[in-house]
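Okay, protein24.txt now, which holds compact mmCIF, C-alpha atoms:
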```txt
# COMPACT_ATOMS: atom_id res chain seq x y z
CA MET A 1 0.00 0.00 0.00
CA THR A 2 2.81 2.42 0.89
CA LYS A 3 4.59 1.69 -2.38
CA ASP A 4 1.52 2.34 -4.52
CA LEU A 5 0.69 5.51 -2.57
CA GLU A 6 4.18 6.92 -3.17
CA ALA A 7 4.01 6.16 -6.90
CA ARG A 8 0.51 7.59 -7.32
CA LEU A 9 1.44 10.77 -5.42
CA LEU A 10 4.56 11.51 -7.47
CA ALA A 11 2.82 10.64 -10.74
CA SER A 12 -0.11 12.95 -9.97
CA VAL A 13 1.81 16.15 -9.07
CA PRO A 14 -0.15 18.80 -11.05
CA SER A 15 2.55 21.43 -11.53
CA VAL A 16 6.09 22.52 -10.77
CA GLY A 17 4.78 24.74 -7.98
CA HIS A 18 3.05 21.81 -6.29
CA PHE A 19 6.25 19.76 -6.47
CA GLN A 20 8.33 22.58 -4.98
CA ARG A 21 5.87 22.92 -2.10
CA LEU A 22 6.50 19.31 -1.05
CA GLU A 23 9.80 20.37 0.48
CA GLU A 24 8.06 23.18 2.36
CA LEU A 25 5.83 20.50 3.86
CA GLY A 26 8.86 18.56 5.05
CA ILE A 27 8.55 15.94 2.29
CA VAL A 28 11.98 15.20 0.84
CA GLU A 29 13.71 12.30 -0.88
CA GLY A 30 14.16 10.45 2.41
CA SER A 31 10.40 10.57 3.03
CA PHE A 32 9.88 7.94 0.32
CA GLN A 33 10.73 4.37 1.32
CA HIS A 34 10.36 2.99 -2.22
CA TYR A 35 10.45 5.88 -4.69
CA GLY A 36 13.06 8.27 -3.29
CA PRO A 37 14.99 8.05 -6.60
CA MET A 38 11.82 9.08 -8.49
CA TYR A 39 11.49 12.14 -6.26
CA ARG A 40 15.15 13.01 -6.98
CA TYR A 41 14.64 12.46 -10.72
CA ILE A 42 11.61 14.78 -10.82
CA GLY A 43 13.62 17.40 -8.93
CA GLN A 44 16.44 17.18 -11.48
CA ILE A 45 14.08 17.56 -14.44
CA VAL A 46 12.40 20.55 -12.80
CA ALA A 47 15.76 22.20 -12.04
CA GLU A 48 17.18 21.64 -15.53
CA HIS A 49 14.14 22.13 -17.75
CA GLY A 50 11.52 23.92 -15.63
CA HIS A 51 8.77 21.34 -16.18
CA LEU A 52 7.64 17.97 -14.86
CA PRO A 53 8.74 14.76 -16.58
CA ARG A 54 6.20 12.93 -18.72
CA LEU A 55 4.26 10.11 -17.10
CA ARG A 56 5.54 7.60 -19.65
CA ASP A 57 9.11 8.57 -18.79
CA LEU A 58 8.41 7.86 -15.12
CA GLN A 59 6.80 4.53 -16.02
CA ALA A 60 9.73 3.49 -18.18
CA THR A 61 12.46 4.68 -15.81
CA PHE A 62 11.07 3.37 -12.54
CA ASN A 63 9.02 0.40 -13.73
CA ILE A 64 5.80 1.61 -12.14
CA GLY A 65 2.69 -0.23 -13.25
CA GLN A 66 0.46 0.92 -16.07
CA PHE A 67 -2.34 1.32 -13.51
CA ILE A 68 -0.46 4.33 -12.09
CA GLN A 69 -2.02 7.30 -13.85
CA ARG A 70 -1.49 11.04 -13.75
CA LYS A 71 -4.67 12.23 -12.03
CA PRO A 72 -4.20 15.78 -10.69
CA LEU A 73 -7.72 15.77 -9.23
CA GLU A 74 -6.60 13.04 -6.80
CA TYR A 75 -3.47 14.91 -5.76
CA ASP A 76 -4.80 16.69 -2.66
CA TRP A 77 -6.28 13.46 -1.29
CA LEU A 78 -3.09 11.49 -2.05
CA LEU A 79 -0.98 14.17 -0.39
CA GLY A 80 -3.15 14.13 2.73
CA GLU A 81 -2.92 10.34 3.00
CA PHE A 82 0.84 10.42 2.46
CA ILE A 83 1.31 13.08 5.13
CA LYS A 84 -0.70 11.10 7.68
CA LEU A 85 1.24 7.91 6.93
CA THR A 86 4.72 9.44 6.98
CA THR A 87 4.02 11.51 10.11
CA VAL A 88 3.06 8.39 12.05
CA GLN A 89 6.15 6.60 10.72
CA ARG A 90 8.46 9.45 11.81
CA ILE A 91 6.95 9.52 15.27
CA GLN A 92 7.41 5.76 15.56
CA GLN A 93 11.04 6.05 14.46
CA VAL A 94 11.74 8.70 17.09
CA MET A 95 10.15 6.59 19.81
CA ASP A 96 11.97 3.38 18.77
CA SER A 97 15.32 5.15 18.61
CA ASN A 98 14.97 6.76 22.02
CA VAL A 99 13.69 3.61 23.69
CA GLU A 100 16.71 1.76 22.33
CA LYS A 101 19.09 4.43 23.66
CA HIS A 102 17.49 5.28 27.00
CA GLY A 103 15.10 2.44 27.71
CA GLU A 104 16.85 1.53 30.93
CA ASP A 105 16.69 5.04 32.37
CA PRO A 106 13.25 6.68 32.22
CA ARG A 107 14.71 9.93 33.56
CA GLU A 108 16.72 10.20 30.34
CA LEU A 109 14.06 8.71 28.08
CA LEU A 110 11.27 11.21 28.75
CA PRO A 111 13.31 14.42 28.10
CA ALA A 112 14.80 12.85 24.97
CA LEU A 113 11.35 11.96 23.63
CA VAL A 114 10.03 15.46 24.32
CA ARG A 115 13.07 17.04 22.62
CA ASP A 116 13.04 14.86 19.51
CA LEU A 117 9.27 14.86 19.03
CA THR A 118 9.08 18.64 19.21
CA GLN A 119 11.79 18.85 16.53
CA LEU A 120 9.65 16.94 14.05
CA MET A 121 8.63 19.24 11.24
CA LEU A 122 4.90 18.77 10.80
CA PRO A 123 3.21 20.02 7.62
CA SER A 124 1.51 23.39 7.79
CA ASP A 125 -2.27 23.43 8.15
CA HIS A 126 -2.51 26.60 6.07
CA GLN A 127 -4.23 26.27 2.73
CA ALA A 128 -1.91 27.15 -0.15
CA SER A 129 -3.04 28.06 -3.64
CA LEU A 130 -0.81 28.96 -6.57
CA THR A 131 -2.55 32.23 -7.37
CA ASP A 132 -0.78 33.12 -10.61
CA THR A 133 -0.77 29.70 -12.28
CA GLY A 134 -4.45 29.28 -11.42
CA ALA A 135 -5.58 32.39 -13.33
CA LEU A 136 -6.96 30.54 -16.37
CA ARG A 137 -8.72 28.00 -14.18
CA ARG A 138 -10.36 30.81 -12.23
CA VAL A 139 -11.57 32.49 -15.43
CA ASP A 140 -13.43 29.29 -16.28
CA GLU A 141 -14.80 29.10 -12.72
CA TYR A 142 -16.06 32.69 -12.91
CA GLU A 143 -17.89 31.88 -16.14
CA ALA A 144 -19.26 28.64 -14.72
CA LYS A 145 -21.02 30.62 -11.98
CA ILE A 146 -23.39 32.14 -14.55
CA PRO A 147 -26.64 30.23 -14.02
CA ALA A 148 -27.93 28.09 -16.84
CA GLN A 149 -31.27 29.03 -18.32
CA GLY A 150 -33.91 27.99 -15.84
CA GLY A 151 -31.30 27.37 -13.14
CA SER A 152 -30.94 29.01 -9.74
CA MET A 153 -29.82 32.65 -9.81
CA ILE A 154 -28.26 32.33 -6.36
CA VAL A 155 -24.62 31.42 -5.82
CA GLY A 156 -24.50 29.51 -2.54
CA ILE A 157 -27.18 28.46 -0.06
CA PRO A 158 -30.49 30.40 -0.16
CA THR A 159 -30.82 32.71 2.85
CA GLY A 160 -34.48 33.77 2.87
CA LEU A 161 -33.40 37.45 2.64
CA ARG A 162 -34.07 39.18 -0.67
CA TYR A 163 -31.14 41.52 -0.09
CA PHE A 164 -28.76 38.56 -0.39
CA ASP A 165 -30.74 36.22 -2.65
CA ALA A 166 -32.25 38.61 -5.20
CA LYS A 167 -30.06 41.71 -5.11
CA ALA A 168 -26.56 40.38 -4.37
CA ARG A 169 -27.38 36.84 -5.64
CA LEU A 170 -24.97 35.56 -3.00
CA GLY A 171 -26.47 33.10 -0.59
CA TRP A 172 -24.51 31.77 2.37
CA LEU A 173 -21.11 30.83 0.96
CA PRO A 174 -18.66 28.14 2.06
CA GLY A 175 -16.06 29.54 4.45
CA GLU A 176 -18.36 32.24 5.84
CA LEU A 177 -19.15 32.92 9.49
CA ILE A 178 -22.49 34.72 9.84
CA GLY A 179 -23.66 36.33 13.08
CA ILE A 180 -27.27 36.97 14.11
CA VAL A 181 -27.26 39.61 16.88
CA GLY A 182 -30.07 40.95 19.04
CA ARG A 183 -31.30 41.49 22.57
CA LEU A 184 -32.98 38.91 24.78
CA TYR A 185 -36.23 37.39 23.44
CA ILE A 186 -36.02 39.33 20.18
CA GLY A 187 -36.25 36.16 18.05
CA LYS A 188 -32.64 35.13 17.36
CA SER A 189 -33.25 31.39 17.76
CA TRP A 190 -36.32 31.49 15.55
CA MET A 191 -34.48 33.40 12.81
CA LEU A 192 -31.53 31.00 13.03
CA LEU A 193 -33.94 28.09 12.50
CA TYR A 194 -35.72 29.99 9.74
CA HIS A 195 -32.50 30.41 7.75
CA GLY A 196 -31.75 26.74 8.33
CA ALA A 197 -35.22 25.70 7.18
CA ILE A 198 -34.89 27.77 4.00
CA ALA A 199 -31.59 26.01 3.24
CA TRP A 200 -33.07 22.59 4.09
CA MET A 201 -36.07 23.21 1.84
CA ALA A 202 -33.62 23.99 -0.99
CA GLY A 203 -31.98 20.58 -0.57
CA TYR A 204 -29.00 21.41 1.64
CA ARG A 205 -27.80 19.39 4.63
CA VAL A 206 -28.04 21.18 8.01
CA LEU A 207 -26.54 20.51 11.44
CA LEU A 208 -28.03 22.38 14.43
CA LEU A 209 -26.10 22.61 17.69
CA SER A 210 -28.50 23.69 20.41
CA PRO A 211 -26.59 24.42 23.63
CA GLU A 212 -29.71 25.67 25.42
CA MET A 213 -32.87 24.17 23.92
CA PRO A 214 -33.50 20.44 24.32
CA SER A 215 -33.89 18.54 21.06
CA GLU A 216 -37.67 18.21 21.55
CA GLU A 217 -38.14 21.98 21.62
CA ALA A 218 -35.80 22.62 18.69
CA GLU A 219 -37.51 19.96 16.61
CA ALA A 220 -41.00 21.27 17.44
CA ARG A 221 -39.88 24.68 16.19
CA PHE A 222 -38.46 23.08 13.04
CA ASP A 223 -41.76 21.31 12.40
CA THR A 224 -43.68 24.55 12.93
CA LEU A 225 -41.51 26.52 10.51
CA VAL A 226 -41.45 23.86 7.79
CA CYS A 227 -45.22 23.48 7.99
CA GLY A 228 -45.50 27.26 7.64
CA LEU A 229 -43.21 27.20 4.59
CA HIS A 230 -45.56 24.61 3.10
CA GLY A 231 -48.55 26.90 3.72
CA LEU A 232 -49.91 25.05 6.76
CA GLN A 233 -50.29 26.98 10.02
CA VAL A 234 -49.72 25.02 13.22
CA ASP A 235 -49.27 26.28 16.78
CA VAL A 236 -45.96 25.32 18.38
CA GLN A 237 -47.70 25.31 21.76
CA ASP A 238 -49.93 22.52 20.47
CA LEU A 239 -46.83 20.55 19.52
CA TYR A 240 -45.46 21.00 23.05
CA ARG A 241 -48.63 19.87 24.81
CA GLY A 242 -49.99 17.41 22.23
CA TYR A 243 -52.71 17.63 19.56
CA HIS A 244 -54.35 15.62 16.77
CA PRO A 245 -52.41 16.26 13.54
CA SER A 246 -54.44 17.06 10.45
CA PRO A 247 -54.09 14.93 7.29
CA GLU A 248 -52.17 17.84 5.73
CA HIS A 249 -49.71 17.82 8.63
CA ARG A 250 -49.20 14.06 8.31
CA LYS A 251 -48.56 14.45 4.59
CA ILE A 252 -45.92 17.15 5.22
CA ALA A 253 -44.36 15.06 7.99
CA ALA A 254 -44.03 12.11 5.61
CA LYS A 255 -42.30 14.36 3.09
CA ILE A 256 -39.93 15.65 5.79
CA ALA A 257 -39.15 12.13 7.03
CA ALA A 258 -38.00 11.03 3.58
CA ARG A 259 -35.06 13.45 3.58
CA GLY A 260 -32.60 12.69 6.40
CA ASP A 261 -30.71 15.98 5.90
CA TRP A 262 -31.29 17.79 9.21
CA VAL A 263 -29.46 16.75 12.38
CA THR A 264 -30.12 18.35 15.79
CA LEU A 265 -27.71 17.93 18.69
CA SER A 266 -28.62 19.34 22.11
CA SER A 267 -26.53 19.87 25.23
CA ALA A 268 -29.30 21.40 27.34
CA GLU A 269 -29.32 18.43 29.69
CA GLY A 270 -25.73 17.27 29.29
CA HIS A 271 -22.24 18.61 28.78
CA ALA A 272 -21.66 21.87 26.94
CA PHE A 273 -20.41 21.74 23.37
CA ARG A 274 -16.67 22.41 23.28
CA LEU A 275 -14.97 24.22 20.44
CA HIS A 276 -12.48 21.42 19.83
CA GLU A 277 -15.22 18.79 19.30
CA ILE A 278 -17.20 20.73 16.69
CA PRO A 279 -14.87 19.74 13.79
CA ARG A 280 -15.46 16.09 14.68
CA LEU A 281 -19.22 16.64 14.59
CA VAL A 282 -18.93 18.35 11.21
CA ARG A 283 -16.90 15.44 9.83
CA GLN A 284 -19.40 12.97 11.29
CA PHE A 285 -22.57 14.57 9.91
CA SER A 286 -21.17 16.39 6.81
CA PRO A 287 -23.43 19.48 6.87
CA GLN A 288 -23.26 22.24 4.29
CA LEU A 289 -24.74 24.65 6.83
CA LEU A 290 -23.91 24.62 10.55
CA LEU A 291 -26.27 26.44 12.95
CA ILE A 292 -25.14 27.28 16.50
CA ASP A 293 -27.79 28.71 18.81
CA GLY A 294 -25.84 30.83 21.28
CA LEU A 295 -22.15 31.64 20.96
CA ALA A 296 -21.63 32.39 24.67
CA LEU A 297 -23.04 28.97 25.59
CA LEU A 298 -20.19 27.13 23.87
CA GLY A 299 -17.12 26.05 25.80
CA GLY A 300 -13.64 27.08 24.73
CA THR A 301 -10.44 25.06 24.91
CA THR A 302 -8.14 27.13 27.09
CA GLY A 303 -10.24 27.75 30.19
CA ARG A 304 -9.82 31.52 29.97
CA SER A 305 -11.37 33.36 32.89
CA GLN A 306 -12.48 36.51 31.05
CA LEU A 307 -15.60 36.08 28.94
CA TRP A 308 -14.36 38.42 26.21
CA GLU A 309 -11.29 36.18 25.85
CA GLN A 310 -13.53 33.14 25.46
CA ILE A 311 -15.66 34.92 22.84
CA LYS A 312 -12.55 35.88 20.89
CA GLU A 313 -11.28 32.29 21.00
CA LEU A 314 -14.66 30.92 19.91
CA SER A 315 -15.02 33.47 17.11
CA THR A 316 -11.55 32.73 15.77
CA GLY A 317 -12.12 28.98 16.00
CA LEU A 318 -15.49 29.05 14.24
CA LYS A 319 -14.17 31.22 11.40
CA ASN A 320 -11.24 28.82 10.96
CA LEU A 321 -13.71 25.93 11.02
CA ALA A 322 -15.84 27.51 8.28
CA VAL A 323 -12.81 28.08 6.05
CA GLY A 324 -11.01 24.83 6.82
CA MET A 325 -14.07 22.59 6.38
CA ASN A 326 -15.59 24.65 3.54
CA ILE A 327 -19.01 25.13 5.12
CA SER A 328 -21.25 28.05 6.09
CA VAL A 329 -21.64 28.70 9.84
CA LEU A 330 -24.53 30.73 11.32
CA VAL A 331 -24.28 31.71 14.99
CA SER A 332 -26.67 33.65 17.21
CA HIS A 333 -25.21 36.03 19.81
CA GLN A 334 -26.39 38.66 22.29
CA ALA A 335 -26.29 42.42 21.91
CA ASN A 336 -25.12 44.28 25.02
CA ARG A 337 -27.10 46.55 27.35
CA GLY A 338 -26.39 49.56 25.13
CA ALA A 339 -28.91 48.10 22.68
CA GLN A 340 -31.73 48.02 25.22
CA ASN A 341 -33.94 50.04 22.87
CA THR A 342 -35.14 47.01 20.90
CA SER A 343 -36.90 49.15 18.31
CA ARG A 344 -33.45 50.17 17.03
CA PRO A 345 -31.06 47.63 15.45
CA PRO A 346 -27.90 47.12 17.52
CA GLY A 347 -24.70 48.34 15.87
CA LEU A 348 -21.42 46.48 15.63
CA HIS A 349 -20.18 48.33 18.70
CA GLU A 350 -23.09 46.86 20.68
CA VAL A 351 -22.16 43.19 20.30
CA SER A 352 -21.69 41.63 23.74
CA TYR A 353 -18.24 40.97 25.21
CA GLY A 354 -16.11 43.00 22.84
CA ASP A 355 -15.97 43.35 19.10
CA SER A 356 -14.09 40.17 18.23
CA PHE A 357 -17.24 38.33 17.10
CA ALA A 358 -18.18 41.07 14.63
CA GLN A 359 -14.55 41.24 13.53
CA PHE A 360 -14.40 37.59 12.48
CA CYS A 361 -17.90 37.43 10.98
CA ASP A 362 -18.28 37.82 7.22
CA ARG A 363 -21.85 39.02 7.71
CA VAL A 364 -23.67 40.39 10.75
CA LEU A 365 -27.47 40.53 10.86
CA ALA A 366 -29.02 42.73 13.56
CA LEU A 367 -32.59 42.18 14.79
CA SER A 368 -35.03 44.75 16.17
CA ARG A 369 -38.78 45.16 16.69
CA PRO A 370 -40.57 48.19 15.21
CA GLU A 371 -42.69 49.96 17.80
CA ARG A 372 -46.43 49.27 18.00
CA THR A 373 -46.10 46.31 15.60
CA PRO A 374 -45.51 43.26 17.82
CA GLN A 375 -45.72 40.77 14.95
CA GLN A 376 -42.99 42.41 12.90
CA LEU A 377 -39.24 41.95 12.97
CA ARG A 378 -36.67 44.15 11.33
CA VAL A 379 -33.50 42.52 9.99
CA THR A 380 -30.62 44.82 9.05
CA VAL A 381 -27.27 43.88 7.53
CA GLN A 382 -24.61 45.60 9.62
CA LYS A 383 -21.67 43.91 7.89
CA PHE A 384 -21.30 42.19 4.52
CA ARG A 385 -17.72 41.42 3.59
CA ARG A 386 -18.47 40.66 -0.06
CA GLY A 387 -20.91 43.51 -0.56
CA GLU A 388 -22.40 46.58 1.11
CA HIS A 389 -24.13 46.67 4.47
CA ASN A 390 -27.86 47.41 4.50
CA PRO A 391 -28.75 49.65 7.46
CA ALA A 392 -32.34 50.14 6.23
CA GLY A 393 -32.99 46.43 6.44
CA SER A 394 -36.07 44.36 5.75
CA ILE A 395 -39.34 43.93 7.61
CA PHE A 396 -40.61 40.41 8.32
CA ARG A 397 -44.06 39.36 9.33
CA PHE A 398 -43.02 37.58 12.49
CA ASP A 399 -45.33 35.13 14.19
CA PRO A 400 -42.97 32.17 14.55
CA GLY A 401 -45.12 30.32 17.07
CA HIS A 402 -47.54 29.73 14.20
CA GLY A 403 -44.81 29.13 11.62
CA GLN A 404 -45.23 32.56 10.05
CA ILE A 405 -41.89 34.20 9.18
CA GLU A 406 -42.15 36.04 5.88
CA GLU A 407 -40.28 39.00 4.43
CA THR A 408 -42.75 41.74 3.52
CA THR A 409 -40.59 44.75 2.54
CA ASP A 410 -37.05 45.20 1.27
CA ALA A 411 -36.40 48.35 3.29
CA LEU A 412 -38.07 50.94 5.47
CA ASP A 413 -38.65 54.29 3.83
CA THR A 414 -37.64 57.39 5.76
CA ARG A 415 -41.18 58.26 6.78
CA THR A 416 -41.85 54.77 8.18
CA ALA A 417 -38.49 54.76 9.91
CA ARG A 418 -39.22 58.03 11.68
CA ARG A 419 -42.71 56.94 12.67
CA ASN A 420 -41.27 53.78 14.27
CA GLY A 421 -38.36 55.56 15.91
CA ASN A 422 -35.87 53.71 13.73
CA GLN A 423 -34.06 56.43 11.84
CA ARG A 424 -31.32 54.99 9.66
CA GLU A 425 -28.72 57.42 10.99
CA ASP A 426 -29.20 55.78 14.39
CA VAL A 427 -28.09 52.34 13.39
CA GLN A 428 -24.32 52.67 13.49
CA GLU A 429 -23.67 56.02 15.05
CA ARG A 430 -25.38 55.95 18.41
CA GLN A 431 -22.94 54.69 21.00
CA GLY A 432 -25.29 53.53 23.72
CA ASP A 433 -24.23 52.18 27.09
CA ILE A 434 -21.64 49.56 26.41
CA ASP A 435 -21.12 46.79 28.97
CA ASN A 436 -18.44 47.52 31.52
CA LEU A 437 -16.13 44.75 30.37
CA PRO A 438 -12.37 44.80 29.66
CA ILE A 439 -11.75 44.84 25.92
CA PRO A 440 -8.30 44.09 24.50
```

Translate the structure of the given file into structure tokens.
Amino acid sequence: MTKDLEARLLASVPSVGHFQRLEELGIVEGSFQHYGPMYRYIGQIVAEHGHLPRLRDLQATFNIGQFIQRKPLEYDWLLGEFIKLTTVQRIQQVMDSNVEKHGEDPRELLPALVRDLTQLMLPSDHQASLTDTGALRRVDEYEAKIPAQGGSMIVGIPTGLRYFDAKARLGWLPGELIGIVGRLYIGKSWMLLYHGAIAWMAGYRVLLLSPEMPSEEAEARFDTLVCGLHGLQVDVQDLYRGYHPSPEHRKIAAKIAARGDWVTLSSAEGHAFRLHEIPRLVRQFSPQLLLIDGLALLGGTTGRSQLWEQIKELSTGLKNLAVGMNISVLVSHQANRGAQNTSRPPGLHEVSYGDSFAQFCDRVLALSRPERTPQQLRVTVQKFRRGEHNPAGSIFRFDPGHGQIEETTDALDTRTARRNGNQREDVQERQGDIDNLPIP
């Protein structure tokens, strides 16, 4: 297996730049047990002629089988497998060597192991892309994003917000961290589930981490929203206390049950979700959209005492997770006491526990309730890394307990904004009373 892996890896190197990066990753001639001479030969051809040798030359020179093909699309996977295999082998070699030298004296063995293991050069986790040589490929990718006739006009996962879906035509994109910010009981959890339901209805796979709500409550809300999106009104309170489902509800439930694309995990009655275990959950359930209901309810990895430090660690980790695992991550988070006027959208400076969360988010949605209209919710876009923010926002008809969340207007006009006490100039400029917390 090791022999074939080495041959397939070296035969599939896509370009000179990819070959040169092998050394940066700590992969040299000595890393290959069977095909070190092939690695040296490729290096000589690159140095002398500036290009890779032909596959048939490699097959003739090193007697590799005809089943070994040049498949650049497999290269990243082959490289990952090779790195895992050789890293384990190097660790084993260090341990065997030190046990042989110091096995009779543990006081010498332990420091030697620590010293030699820390000197191992492990490959970088940073994603590298040859920007210049990939220019022609990217031109084709740009053109491929143009929707076919009759196809979806949205690039990415549908959001349920016309500002993103219809105007920008950019749904939630892989690698993005999106924050939903608002005061207590404003509707953050419902809107998080709404965005998830829109994505699920469009055929995407969703993973919900619910640190606060038990699974039964989260799933009752899901059922309520999906029924509402199918045009059937049900009362979530009935689902909590029990009721006789209508034939229409049973029909929708059967349609939902046939999918298997929504997974809910709850920690309300168990241990808190920890940042370091979320990548494992993503690998296990393979979502395209990850929903996290409550940033501050997650546990970090370092045991920091200050909450703003924990929020910064969590924000950094979730952004890295989104990029590294190529998924979209939506997270709800509190606004601070300076945003106590819930008829006005909280600004970026009013995100609880410092500004690190807003800093690492690609988009920040702020929620507010227009005055004298209890069944309305205003959603403004306070940050949009790939476009412009939208301080005017959109108005939603908001009766989530009956499955009714529906965008009704694209933006408030000035007259409506003044009547509701939500003047656009207020959104970002009013400072408010920021929490008395240490900020780095």

Margin query: List the spatial neighbours of A:Lys167 as number ranges by chain - criterion: any atom at most 12 Å away, all atoms listed in the file, same-chain residues fewer than 5 positions off excluded.
Written below: A: 153-155, 161-162, 387-388, 390, 410

Margin query: Applying 9 Å and only C-alpha atoms, which residues near A:Ala358 remain after dropping the ones on its own chain fewer than 5 positions away? List them as a list in words.
Written below: Gly179, Ser315, Leu348, His349, Val351, Arg363, Val364 and Lys383 of chain A

Just C-alpha atoms for this one: save the residues we selected as a PDB file, in the frame of the given file.
```pdb
ATOM      1  CA  GLY A 179     -23.660  36.330  13.080  1.00  0.00           C
ATOM      2  CA  SER A 315     -15.020  33.470  17.110  1.00  0.00           C
ATOM      3  CA  LEU A 348     -21.420  46.480  15.630  1.00  0.00           C
ATOM      4  CA  HIS A 349     -20.180  48.330  18.700  1.00  0.00           C
ATOM      5  CA  VAL A 351     -22.160  43.190  20.300  1.00  0.00           C
ATOM      6  CA  ARG A 363     -21.850  39.020   7.710  1.00  0.00           C
ATOM      7  CA  VAL A 364     -23.670  40.390  10.750  1.00  0.00           C
ATOM      8  CA  LYS A 383     -21.670  43.910   7.890  1.00  0.00           C
TER       9      LYS A 383
END
```

Spatial neighbours of A:Leu289, 8 Å, all atoms listed in the file, chain gap at least 2 places, as a PDB file with C-alpha atoms, in the coordinates of the input:
```
ATOM      1  CA  GLY A 196     -31.750  26.740   8.330  1.00  0.00           C
ATOM      2  CA  ALA A 199     -31.590  26.010   3.240  1.00  0.00           C
ATOM      3  CA  TYR A 204     -29.000  21.410   1.640  1.00  0.00           C
ATOM      4  CA  ARG A 205     -27.800  19.390   4.630  1.00  0.00           C
ATOM      5  CA  VAL A 206     -28.040  21.180   8.010  1.00  0.00           C
ATOM      6  CA  LEU A 207     -26.540  20.510  11.440  1.00  0.00           C
ATOM      7  CA  PRO A 287     -23.430  19.480   6.870  1.00  0.00           C
ATOM      8  CA  LEU A 291     -26.270  26.440  12.950  1.00  0.00           C
ATOM      9  CA  ILE A 327     -19.010  25.130   5.120  1.00  0.00           C
ATOM     10  CA  SER A 328     -21.250  28.050   6.090  1.00  0.00           C
ATOM     11  CA  VAL A 329     -21.640  28.700   9.840  1.00  0.00           C
ATOM     12  CA  LEU A 330     -24.530  30.730  11.320  1.00  0.00           C
TER      13      LEU A 330
END
```

Notebook entry, point to check: For the atom pair atom CA of A:Glu217 and atom CA of A:Leu367, what is the interatomic distance in Å to one decimal place?
Noted result: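 According to the coordinates, atom CA of A:Glu217 and atom CA of A:Leu367 are separated by 22.0 Å.
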
Note to self: Using all atoms listed in the file and a cutoff of 12 Å, can you tell me which residues are near (-4.3, 14.7, 3.1) in the file's coordinates, and write them out as a PyMOL selection string?
What the structure shows: chain A and resi 5+9+25+74-87+123-125+127

Item checked: Among listed residues A:Val181, A:Ala220, A:Leu229, A:Ile157, nearest A:Gly203 (using all atoms listed in the file) ->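 Among the listed residues, A:Ile157 lies closest to A:Gly203.
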
Next item on the list: Determine the nearest neighbour of A:Cys227 from the options A:Leu275, A:Leu184, A:Ala197, A:Met213, counting only C-alpha atoms.
Entry: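 Once distances to A:Cys227 are computed over only C-alpha atoms, the minimum belongs to A:Ala197.
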
Checklist line | Near-A:Thr373 list (12 Å; all atoms listed in the file; drop same-chain fewer than 5 positions) as JSON, numbers by chain | finding: {"A": [343, 368, 378, 395, 396, 397, 398, 399, 419, 420]}

Item checked: Long-range neighbours of A:His333 as JSON, numbers by chain, 8 Å cut-off, all atoms listed in the file, 2 positions minimum in chain -> {"A": [179, 180, 181, 182, 188, 293, 294, 295, 296, 331, 335, 351, 352]}

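For the residues A:Asp4, A:Glu23, A:Glu406, A:Glu48, ranking by smallest atom-to-atom distance to A:Gln376 using all atoms listed in the file places A:Glu406 first.
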
Checklist line | Interatomic distance, atom CA of A:Gly354 to atom CA of A:Gly393 (Å, one decimal) | finding: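 Going from atom CA of A:Gly354 over to atom CA of A:Gly393 covers 23.8 Å.
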
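You can rank A:Ser394, A:Gln44, A:Asn341, A:Gln359 by their closest distance to A:Glu371 using all atoms listed in the file, and at the top of that list sits A:Asn341.
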
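In this structure, atom CA of A:Asp238 sits 17.9 Å away from atom CA of A:Lys251.
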
Next item on the list: Determine the nearest neighbour of A:Gln340 from the options A:Trp200, A:Tyr185, A:Trp308, A:Trp190, counting all atoms listed in the file.
Entry: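 Result for the nearest residue to A:Gln340: A:Tyr185.
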
Please build the interface table for stretch 308-407 of chain A against stretch 278-282 of chain A with a cut-off of 9 Å, listing for each qualifying residue the nearest atom pair and the distance in Å to one decimal; count all atoms listed in the file, order rows by chain and increasing number, and write it as a Markdown table.
```
| residue | atom | partner | partner_atom | distance |
| --- | --- | --- | --- | --- |
| A:Leu318 | CA | A:Ile278 | CA | 8.8 |
| A:Leu321 | CA | A:Pro279 | CA | 6.9 |
| A:Met325 | CA | A:Pro279 | CA | 8.0 |
```
